[in-house]
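Chemist: Take a look at this one; I'll ask things after.
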Amino acid sequence: MTLSSEMTSTSGTILVVDDEPDILIALEDLFENDYRVLTASSPIQALDIIRQEPDIAIIISDQRMPEMQGDEFLAKARHETDADAILLTGYADLKAVIGAVNKGRIMAYVPKPWDPAALSNMVATAYQRRMLARKLDTERALLHGLMESTGDLISFKDLDGRFVRLNASKARSLGCNSEDCLGRKERDYVSPERATMIEEAERRAIAARAPDDVIEERTSPDGTTQWVLINHIPILDEAGTVTNLATIERDITERKLMEMRLRQADKMQALGTLAGGVAHDFNNLLMAVLGSLDLASRRAPDDPRLTRLLQNATYAAERGASLTQRLLSFSRQRDLRLQAVDVNQVITGMNDLLTRTLGGVIRIERHLHDGLWTAMVDPDQLELAILNLCINARDAMTENGVLTLSTRNETVDEGRITELSGGEYVVISVKDTGSGIPPEVLARVLEPFFTTKEVGKGTGLGLPMVYGLAQQSGGTVTIHSTIGAGTTVELYLSRAAVEREDGPQEEPAIAPNAPKMRILLVDDDAEVRTVTAAYLNEMGHRVVEAADGLSALDILKADDQIDVLIADFAMPGMTGTDLADKAREIRSDLSILLVTGYADPKRLPNGYLMLHKPFSRADLAAKVTAATRWEQDRSSSI
């Protein structure tokens, strides 16, 4: 065996096999400038070379050789390599040529003596064809690997819409295998409505000679909604004519859900801005109403009827205050008072409320789990959430419907429930026997202001409010609904790390021997200022009133007997925080209490105590005492 001295050629490798050395030399000289040439003087040596050299492109073999005839050698070589073969023969042996064609799969035979130019052209043509075949094999392998490794559904069609190629994922979506789908149309596998939509998109792409994108909303067999982005891509030839159409279908459900969450977050933020804008004024009104009712009830004559009327008015105003807090909680602009709560006790305490609210047309069943863990949640907001869920369930049922209210403990594995971390949860389930929720509605029920009820009968805030409470409490809401069989809404609440301590909750008391102080009260709302001043006067404090920050600063400069500054947080011209900062410059030892009808917790100033409206007389007394002690502690630490 000899190797060509031209080892650096970038062209392919040729193996020349002949038992005559002169012929080997002649052929090596003919091809060594363009190819890497390997030579062998016997078929046995040639087979060894083939086993060691997998990249041989062309074999040129003599027919008549002592060890083995050329057609027999090429037949054996075919088991080792896919190189193209050319047979050299010095005499007309038709039988040998036929054998070489059939067994050795030669591409041509050349009689001796050969024409060098013709043989060179033959080898060049064979090499180019082989390189093209390898390139096509590589592209075919890459395309096949791409089509079968991706989760996307990929197919190719002719201009009549018949499949010419599709991956296994696409075939499975149609309920067949890839081979069975070839030559058939998608209309054979999908509904007529969807087939029409697909064909229209394909016609648009072909007519425009540009990709056509469609987002399709589908309902899976389990009732969940899936969104799929379908790209119809026309394939053009060199002349710009459409020859085929490629279709790529990609599941974008996660992206769509994320977009929906972002839109919902935007709506929540907008609602928070709206609620924050009106809450201050609304709470000022409620403060004036509740404070006046409180003062009136303690000064009114002992008349049971009058007392009942005042209590009813107070209850209605407190409901208004509760509504404001619900809006702020829903918009996540108010910090919840999270604490360990006995959920069963909350539900049991709502028996009368649920009976009156839901009426007598449905039956209420309760299955409360014994040994239920305590949940970390705001108890007031939880009661409102349960009431909302029960009202929704009632509205979904006709007469004689059954509402089942149940509780249980559940340990959730990580990733099993969307938006819920693994851990221990208390689950409240509200189940109805109503008509169920259609999938297209179910996908939107947690959106703010979305409702299917008649005008005036629904705000679209019930479920979103429950969802907001659950998320702020470290839980979530799941909804399962079957058309004709009813709906189950489950509220997941984090288990409290510390069990709830049972016992009576003491209301803040007003110490009768609390020191009496001179208080500067600043509020731009005259009604609120009047009520607050009356509370402070009843406690024995001396009150100086101001309607704005500038007036308050003038009073502070003139009156060095002021012990406490109570200022509204949001006032025109000068805010309560600005006033407090300037007051500290005048009197560094001044006790300060800021009062607010609403403030974003993230924007609350550091260094000052806050009292939220509407507040009770006892709340005010406790905060005044706390502000005094807090200032004393602050001064001693400076």
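Ordering of the structure tokens sets the chain letters (A, B, ...), residue numbers begin anew at 1 in every chain, and ligands are numbered from 1 in the order given.
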Which residues are close to region 247-255 of chain A, i.e. within 7 Å by only C-alpha atoms, leaving aside same-chain residues fewer than 5 positions away? Reply as a ChimeraX atom specification.

Modeler: /A:152-156,226-233

Chemist: Write out as number ranges by chain the residues lying within 8 Å of Gly549 (chain A), counting only C-alpha atoms and excluding same-chain residues fewer than 4 positions away.

Modeler: A: 522, 553, 573-576, 579

Chemist: Can you measure CA of Lys516 (chain A) to CA of His541 (chain A) for me? One decimal in Å is fine.

Modeler: 5.0 Å

Chemist: Which residues come within 9 Å of region 190-202 of chain A, counting only C-alpha atoms, excluding same-chain residues fewer than 6 positions away, as a PyMOL selection string?

Modeler: chain A and resi 161+174+212-214+232-234+245+247
